[in-house]
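Source file start_2.cif; content: mmCIF, C-alpha atoms.
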data_data
loop_
_atom_site.label_atom_id
_atom_site.label_comp_id
_atom_site.auth_asym_id
_atom_site.auth_seq_id
_atom_site.Cartn_x
_atom_site.Cartn_y
_atom_site.Cartn_z
CA MET A 1 113.36 70.63 44.73
CA ASP A 2 114.71 67.93 42.42
CA LYS A 3 114.84 65.43 45.25
CA LEU A 4 111.22 66.05 46.15
CA SER A 5 110.05 65.70 42.58
CA HIS A 6 111.46 62.16 42.39
CA ILE A 7 109.42 61.00 45.42
CA SER A 8 105.97 59.90 44.46
CA TYR A 9 102.88 60.51 46.50
CA THR A 10 102.73 56.79 47.24
CA GLU A 11 106.24 56.89 48.71
CA ILE A 12 105.35 59.90 50.85
CA PHE A 13 102.19 58.12 52.03
CA ARG A 14 104.15 54.94 52.95
CA ARG A 15 106.79 56.89 54.90
CA HIS A 16 104.14 58.93 56.67
CA ARG A 17 102.12 55.81 57.49
CA LEU A 18 105.21 54.00 58.78
CA ASN A 19 105.99 56.92 61.05
CA ASN A 20 102.41 56.91 62.36
CA ILE A 21 102.49 53.15 62.92
CA THR A 22 105.84 53.45 64.70
CA ARG A 23 104.50 56.25 66.89
CA PHE A 24 101.37 54.26 67.66
CA VAL A 25 103.40 51.19 68.66
CA ILE A 26 105.76 53.23 70.85
CA ILE A 27 102.89 55.08 72.54
CA SER A 28 101.03 51.79 73.05
CA LEU A 29 104.08 50.18 74.67
CA ILE A 30 104.58 53.16 76.97
CA ALA A 31 100.90 53.07 77.96
CA LEU A 32 101.13 49.32 78.60
CA VAL A 33 104.18 49.79 80.83
CA VAL A 34 102.42 52.55 82.78
CA VAL A 35 99.30 50.41 83.29
CA VAL A 36 101.32 47.36 84.40
CA LEU A 37 103.42 49.46 86.76
CA ALA A 38 100.33 51.11 88.26
CA ALA A 39 98.64 47.71 88.71
CA PHE A 40 101.75 46.33 90.40
CA LEU A 41 102.03 49.29 92.78
CA LEU A 42 98.34 49.18 93.68
CA ALA A 43 98.43 45.42 94.24
CA ASN A 44 101.55 45.79 96.39
CA LEU A 45 99.91 48.54 98.43
CA TYR A 46 96.72 46.51 98.85
CA PHE A 47 98.52 43.39 100.04
CA SER A 48 100.87 45.39 102.30
CA VAL A 49 98.00 47.21 103.99
CA GLY A 50 96.01 43.97 104.28
CA THR A 51 98.95 42.27 105.97
CA VAL A 52 99.52 45.17 108.37
CA GLU A 53 95.84 45.37 109.27
CA LYS A 54 95.61 41.64 110.02
CA GLY A 55 98.96 41.62 111.82
CA SER A 56 98.10 44.47 114.14
CA GLU A 57 94.54 43.66 115.16
CA GLN A 58 94.09 44.02 118.87
CA VAL A 59 91.70 45.00 121.57
CA ALA A 60 93.49 47.15 124.09
CA GLY A 61 92.92 49.46 127.00
CA ILE A 62 95.51 52.14 127.62
CA SER A 63 95.89 54.43 130.58
CA GLY A 64 98.67 56.72 131.51
CA GLU A 65 99.66 60.04 132.88
CA TYR A 66 100.69 62.48 130.19
CA HIS A 67 102.92 65.27 131.35
CA ASP A 68 104.22 68.18 129.33
CA ASP A 69 107.70 66.83 130.01
CA ASP A 70 106.86 63.27 128.90
CA LEU A 71 109.86 62.44 126.72
CA LEU A 72 108.59 59.20 125.17
CA ILE A 73 105.92 58.00 122.78
CA ALA A 74 104.57 54.55 123.66
CA ARG A 75 103.52 52.16 120.91
CA SER A 76 102.22 48.62 121.06
CA HIS A 77 102.09 46.13 118.23
CA SER A 78 99.94 43.06 118.69
CA TYR A 79 100.44 40.26 116.22
CA LYS A 80 98.97 36.78 116.06
CA ASP A 81 101.91 35.23 117.91
CA LEU A 82 103.89 38.22 119.21
CA LEU A 83 103.52 41.38 121.32
CA VAL A 84 105.95 44.27 120.89
CA PHE A 85 106.00 47.38 123.07
CA THR A 86 108.23 50.28 122.04
CA TYR A 87 109.11 53.56 123.69
CA VAL A 88 110.58 56.22 121.41
CA PRO A 89 111.81 59.74 122.26
CA ARG A 90 109.42 62.50 121.12
CA SER A 91 112.31 64.46 119.70
CA PRO A 92 114.03 62.84 116.68
CA GLN A 93 117.34 64.40 117.75
CA GLU A 94 117.12 63.08 121.32
CA GLN A 95 119.54 60.40 122.50
CA ILE A 96 119.22 59.59 126.20
CA ASP A 97 120.03 57.00 128.84
CA LEU A 98 117.00 55.76 130.77
CA TYR A 99 115.97 53.30 133.48
CA ALA A 100 112.73 51.33 133.36
CA ASP A 101 110.63 49.65 136.02
CA TYR A 102 108.03 47.41 134.43
CA GLU A 103 105.91 44.39 135.05
CA LEU A 104 104.34 42.35 132.26
CA LYS A 105 101.58 39.92 133.16
CA GLU A 106 99.89 37.16 131.21
CA ASP A 107 96.45 36.28 132.61
CA GLY A 108 97.41 37.99 135.89
CA ASN A 109 100.74 36.16 136.31
CA VAL A 110 104.02 38.09 136.03
CA ILE A 111 106.01 36.70 133.10
CA THR A 112 108.75 39.32 132.93
CA ALA A 113 109.78 42.34 134.92
CA GLY A 114 112.48 44.94 135.05
CA ASN A 115 113.61 46.82 138.12
CA ASN A 116 115.66 49.92 137.32
CA ARG A 117 116.69 48.23 134.08
CA PRO A 118 119.13 50.41 132.15
CA TYR A 119 118.61 51.37 128.49
CA GLU A 120 121.46 53.30 126.92
CA ASN A 121 121.48 55.69 123.96
CA ILE A 122 117.72 55.55 123.46
CA SER A 123 116.76 57.31 120.22
CA VAL A 124 114.32 57.05 117.34
CA ASP A 125 116.64 54.46 115.77
CA ASN A 126 117.26 52.66 119.08
CA PRO A 127 114.00 52.62 121.10
CA ILE A 128 113.22 50.70 124.25
CA ILE A 129 111.69 47.42 123.06
CA ILE A 130 109.88 44.81 125.13
CA GLU A 131 108.92 41.79 123.03
CA ILE A 132 107.22 38.55 124.08
CA PRO A 133 105.53 35.58 122.42
CA ARG A 134 101.76 35.83 122.44
CA ASN A 135 99.08 33.29 123.27
CA ASN A 136 95.88 34.40 121.48
CA SER A 137 93.64 33.22 124.33
CA SER A 138 95.52 35.21 127.00
CA ALA A 139 95.19 38.75 128.30
CA TYR A 140 98.32 40.83 128.84
CA GLU A 141 99.01 43.80 131.10
CA LEU A 142 102.10 46.02 131.03
CA ASP A 143 102.74 48.65 133.69
CA ILE A 144 105.85 50.74 133.04
CA SER A 145 107.57 53.71 134.60
CA ILE A 146 110.68 55.18 132.96
CA LYS A 147 113.17 57.58 134.57
CA ASP A 148 116.15 59.53 133.31
CA THR A 149 119.65 59.28 134.83
CA GLU A 150 118.74 61.91 137.43
CA GLY A 151 115.77 59.85 138.65
CA LYS A 152 113.12 62.12 137.11
CA ARG A 153 110.13 60.20 135.73
CA VAL A 154 109.87 60.83 131.98
CA HIS A 155 107.08 58.34 131.19
CA LYS A 156 104.46 56.23 132.95
CA SER A 157 101.74 54.13 131.33
CA SER A 158 99.70 50.94 131.53
CA ILE A 159 98.29 48.88 128.71
CA THR A 160 96.00 45.88 128.67
CA ILE A 161 95.61 43.68 125.62
CA TRP A 162 92.71 41.28 125.77
CA PRO A 163 92.51 37.89 124.06
CA GLN A 164 91.90 37.85 120.32
CA GLU A 165 88.36 36.75 119.54
CA ASN A 166 89.25 34.93 116.33
CA ASP A 167 92.33 33.67 114.49
CA ASN A 168 92.35 36.19 111.62
#
This structure in C-alpha coordinates:
Amino acid sequence: MDKLSHISYTEIFRRHRLNNITRFVIISLIALVVVVLAAFLLANLYFSVGTVEKGSEQVAGISGEYHDDDLLIARSHSYKDLLVFTYVPRSPQEQIDLYADYELKEDGNVITAGNNRPYENISVDNPIIIEIPRNNSSAYELDISIKDTEGKRVHKSSITIWPQENDN
(Lines of atoms letter the chains of each structure in order from A and count residues from 1; the text may use other names and numbers.)
(Lines give C-alpha, C1' and ligand atoms only; values in the text may rest on other atoms or scores of the structure.)
Protein backbone atom coordinates (compact mmCIF):
# COMPACT_ATOMS: atom_id res chain seq x y z
CA MET A 1 0.00 0.00 0.00
CA ASP A 2 2.98 2.32 0.43
CA LYS A 3 3.45 2.58 -3.31
CA LEU A 4 -0.16 3.59 -3.83
CA SER A 5 -0.05 6.22 -1.13
CA HIS A 6 2.80 8.03 -2.92
CA ILE A 7 0.76 8.40 -6.14
CA SER A 8 -1.43 11.43 -6.09
CA TYR A 9 -4.89 11.61 -7.54
CA THR A 10 -3.54 13.90 -10.25
CA GLU A 11 -1.00 11.27 -11.29
CA ILE A 12 -3.67 8.58 -11.39
CA PHE A 13 -5.89 10.88 -13.48
CA ARG A 14 -3.05 11.61 -15.96
CA ARG A 15 -2.19 7.91 -16.37
CA HIS A 16 -5.84 6.99 -16.78
CA ARG A 17 -6.39 9.81 -19.28
CA LEU A 18 -3.29 8.82 -21.26
CA ASN A 19 -4.54 5.25 -21.46
CA ASN A 20 -7.94 6.47 -22.67
CA ILE A 21 -6.34 8.76 -25.25
CA THR A 22 -4.10 5.93 -26.44
CA ARG A 23 -7.07 3.59 -26.71
CA PHE A 24 -9.06 6.23 -28.58
CA VAL A 25 -6.22 6.80 -31.06
CA ILE A 26 -5.72 3.07 -31.64
CA ILE A 27 -9.44 2.43 -32.09
CA SER A 28 -9.69 5.43 -34.43
CA LEU A 29 -6.81 4.16 -36.57
CA ILE A 30 -8.34 0.69 -36.77
CA ALA A 31 -11.70 2.18 -37.77
CA LEU A 32 -10.00 4.34 -40.40
CA VAL A 33 -8.20 1.32 -41.86
CA VAL A 34 -11.47 -0.65 -41.99
CA VAL A 35 -13.30 2.21 -43.73
CA VAL A 36 -10.51 2.73 -46.29
CA LEU A 37 -10.29 -1.00 -46.98
CA ALA A 38 -14.08 -1.28 -47.40
CA ALA A 39 -14.11 1.74 -49.74
CA PHE A 40 -11.30 0.24 -51.80
CA LEU A 41 -13.03 -3.15 -52.09
CA LEU A 42 -16.37 -1.60 -53.02
CA ALA A 43 -14.75 0.69 -55.61
CA ASN A 44 -12.83 -2.26 -57.06
CA LEU A 45 -16.02 -4.33 -57.25
CA TYR A 46 -17.95 -1.47 -58.86
CA PHE A 47 -15.33 -0.83 -61.54
CA SER A 48 -14.82 -4.56 -62.19
CA VAL A 49 -18.54 -5.17 -62.66
CA GLY A 50 -18.87 -2.03 -64.80
CA THR A 51 -16.05 -3.22 -67.04
CA VAL A 52 -17.51 -6.72 -67.37
CA GLU A 53 -20.98 -5.39 -68.13
CA LYS A 54 -19.71 -3.05 -70.86
CA GLY A 55 -17.33 -5.68 -72.23
CA SER A 56 -19.95 -8.36 -72.58
CA GLU A 57 -22.90 -6.45 -74.00
CA GLN A 58 -24.44 -8.32 -76.88
CA VAL A 59 -27.64 -9.09 -78.63
CA ALA A 60 -27.76 -12.77 -79.45
CA GLY A 61 -30.06 -15.51 -80.56
CA ILE A 62 -29.21 -19.04 -79.47
CA SER A 63 -30.72 -22.29 -80.62
CA GLY A 64 -29.61 -25.80 -79.98
CA GLU A 65 -30.63 -29.30 -79.22
CA TYR A 66 -30.12 -30.19 -75.58
CA HIS A 67 -29.77 -33.87 -74.89
CA ASP A 68 -29.42 -35.56 -71.53
CA ASP A 69 -26.04 -36.77 -72.73
CA ASP A 70 -24.86 -33.31 -73.86
CA LEU A 71 -21.34 -33.22 -72.41
CA LEU A 72 -20.57 -29.54 -73.00
CA ILE A 73 -21.66 -26.12 -71.81
CA ALA A 74 -21.51 -23.46 -74.52
CA ARG A 75 -20.60 -19.89 -73.64
CA SER A 76 -20.16 -16.83 -75.81
CA HIS A 77 -18.39 -13.63 -74.87
CA SER A 78 -18.98 -10.61 -77.06
CA TYR A 79 -16.64 -7.69 -76.58
CA LYS A 80 -16.29 -4.43 -78.46
CA ASP A 81 -13.59 -5.81 -80.76
CA LEU A 82 -13.58 -9.56 -80.07
CA LEU A 83 -15.88 -12.61 -80.05
CA VAL A 84 -14.99 -15.66 -77.98
CA PHE A 85 -16.92 -18.93 -78.02
CA THR A 86 -16.04 -21.60 -75.46
CA TYR A 87 -17.20 -25.15 -74.94
CA VAL A 88 -16.52 -26.64 -71.51
CA PRO A 89 -17.28 -30.14 -70.19
CA ARG A 90 -20.24 -30.24 -67.77
CA SER A 91 -18.28 -32.41 -65.39
CA PRO A 92 -15.27 -30.68 -63.74
CA GLN A 93 -13.43 -34.01 -63.63
CA GLU A 94 -13.99 -34.76 -67.33
CA GLN A 95 -11.05 -34.74 -69.73
CA ILE A 96 -11.95 -35.85 -73.26
CA ASP A 97 -10.81 -35.79 -76.86
CA LEU A 98 -13.35 -34.30 -79.26
CA TYR A 99 -13.86 -33.41 -82.92
CA ALA A 100 -15.71 -30.29 -84.05
CA ASP A 101 -17.46 -29.36 -87.27
CA TYR A 102 -18.25 -25.66 -87.31
CA GLU A 103 -18.87 -22.76 -89.59
CA LEU A 104 -18.55 -19.15 -88.50
CA LYS A 105 -20.06 -16.47 -90.71
CA GLU A 106 -19.74 -12.70 -90.72
CA ASP A 107 -22.66 -10.99 -92.49
CA GLY A 108 -23.48 -14.30 -94.20
CA ASN A 109 -19.94 -14.98 -95.46
CA VAL A 110 -17.94 -17.89 -94.03
CA ILE A 111 -14.83 -16.50 -92.32
CA THR A 112 -13.61 -19.66 -90.60
CA ALA A 113 -14.62 -23.29 -90.51
CA GLY A 114 -13.52 -26.57 -89.05
CA ASN A 115 -14.22 -29.99 -90.49
CA ASN A 116 -13.65 -32.81 -88.01
CA ARG A 117 -11.14 -30.56 -86.25
CA PRO A 118 -9.51 -32.39 -83.33
CA TYR A 119 -9.40 -30.96 -79.80
CA GLU A 120 -7.41 -33.01 -77.31
CA ASN A 121 -7.67 -33.21 -73.52
CA ILE A 122 -10.68 -30.91 -73.32
CA SER A 123 -11.42 -30.01 -69.69
CA VAL A 124 -12.61 -27.13 -67.55
CA ASP A 125 -9.05 -25.77 -67.63
CA ASN A 126 -8.61 -26.48 -71.35
CA PRO A 127 -11.91 -25.76 -73.15
CA ILE A 128 -12.56 -25.58 -76.86
CA ILE A 129 -12.08 -21.91 -77.79
CA ILE A 130 -13.01 -20.19 -81.03
CA GLU A 131 -11.92 -16.55 -81.04
CA ILE A 132 -12.20 -13.94 -83.79
CA PRO A 133 -11.86 -10.17 -84.15
CA ARG A 134 -15.20 -8.39 -84.17
CA ASN A 135 -16.57 -5.64 -86.38
CA ASN A 136 -19.32 -3.86 -84.39
CA SER A 137 -21.46 -3.29 -87.48
CA SER A 138 -21.47 -6.98 -88.50
CA ALA A 139 -23.69 -9.91 -87.59
CA TYR A 140 -22.09 -13.26 -86.75
CA GLU A 141 -23.44 -16.80 -86.92
CA LEU A 142 -21.78 -19.91 -85.50
CA ASP A 143 -23.12 -23.40 -86.19
CA ILE A 144 -21.23 -26.14 -84.37
CA SER A 145 -21.51 -29.88 -83.92
CA ILE A 146 -19.07 -31.70 -81.62
CA LYS A 147 -18.46 -35.46 -81.51
CA ASP A 148 -16.44 -37.74 -79.27
CA THR A 149 -13.76 -40.14 -80.54
CA GLU A 150 -16.42 -42.79 -81.23
CA GLY A 151 -18.36 -40.42 -83.50
CA LYS A 152 -21.21 -39.85 -81.05
CA ARG A 153 -22.53 -36.28 -81.10
CA VAL A 154 -22.03 -34.71 -77.66
CA HIS A 155 -23.08 -31.14 -78.51
CA LYS A 156 -24.84 -29.19 -81.24
CA SER A 157 -25.79 -25.51 -81.19
CA SER A 158 -26.15 -22.33 -83.22
CA ILE A 159 -25.68 -18.76 -82.11
CA THR A 160 -26.28 -15.47 -83.85
CA ILE A 161 -24.81 -12.22 -82.59
CA TRP A 162 -26.24 -9.12 -84.17
CA PRO A 163 -24.45 -5.81 -84.66
CA GLN A 164 -23.94 -3.60 -81.63
CA GLU A 165 -26.26 -0.61 -81.74
CA ASN A 166 -23.83 1.78 -80.07
CA ASP A 167 -20.14 1.97 -79.16
CA ASN A 168 -20.48 1.63 -75.37
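One finds CA of Tyr140 in chain A at 18.4 Å from CA of Ala100 in chain A.
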**OP:** Determine, counting all atoms listed in the file, every residue of protein, DNA or RNA that lies within 7 Å of (100.5, 50.7, 135.5) in the file coordinates, then give the result as a VMD selection string.
**Re:** chain A and resid 142 to 144 157 to 158
Subject >> Sel. within 12 Å of pt (120.9, 59.2, 118.4), counting all atoms listed in the file, output as a list in words >> reply: Val88, Pro89, Ser91, Pro92, Gln93, Glu94, Gln95, Ile96, Asp97, Glu120, Asn121, Ile122, Ser123, Val124, Asp125, Asn126 and Pro127 of chain A
Quick one: axis-aligned box around all listed atoms of range 131-143 of chain A, 3 Å on every side, centre and edge lengths in Å to one decimal, written as JSON.
{"center_x": 101.3, "center_y": 40.9, "center_z": 127.6, "size_x": 21.3, "size_y": 21.4, "size_z": 18.2}
Original post:
What lies within 9 Å of Arg134 in chain A using all atoms listed in the file, ignoring chain neighbours under 4 positions off, as a VMD selection string?
Top reply: chain A and resid 78 to 83 138 140
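Distance annotation: of A:Leu71, A:Ile130, A:Leu29, A:Ile21, the residue with the minimal separation from Val84 in chain A is A:Ile130; atom set is only C-alpha atoms.
Close contacts of Gly108 in chain A, defined as residues with an atom at most 8 Å away when counting all atoms listed in the file, with chain neighbours fewer than 2 positions off set aside, comprise Lys105, Glu106, Val110, Ala139, Tyr140 and Glu141 of chain A.
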Original post:
What is the distance, in Å and to one decimal place, between CA of Lys152 in chain A and CA of Asp70 in chain A?
Top reply: 10.4 Å
**OP:** Determine the residue set returned by the PyMOL selection byres ((chain A and resi 148) around 10) for the present structure, and present it as an NGL selection string.
**Re:** :A and (71 or 96-100 or 118-119 or 146-147 or 149-155)
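CA of Val34 in chain A sits 18.4 Å away from CA of Thr22 in chain A.
Closest approach to Gly114 in chain A among A:Ile161, A:Ser145, A:Ala31, A:Ile26 is made by A:Ser145 (distances from only C-alpha atoms).
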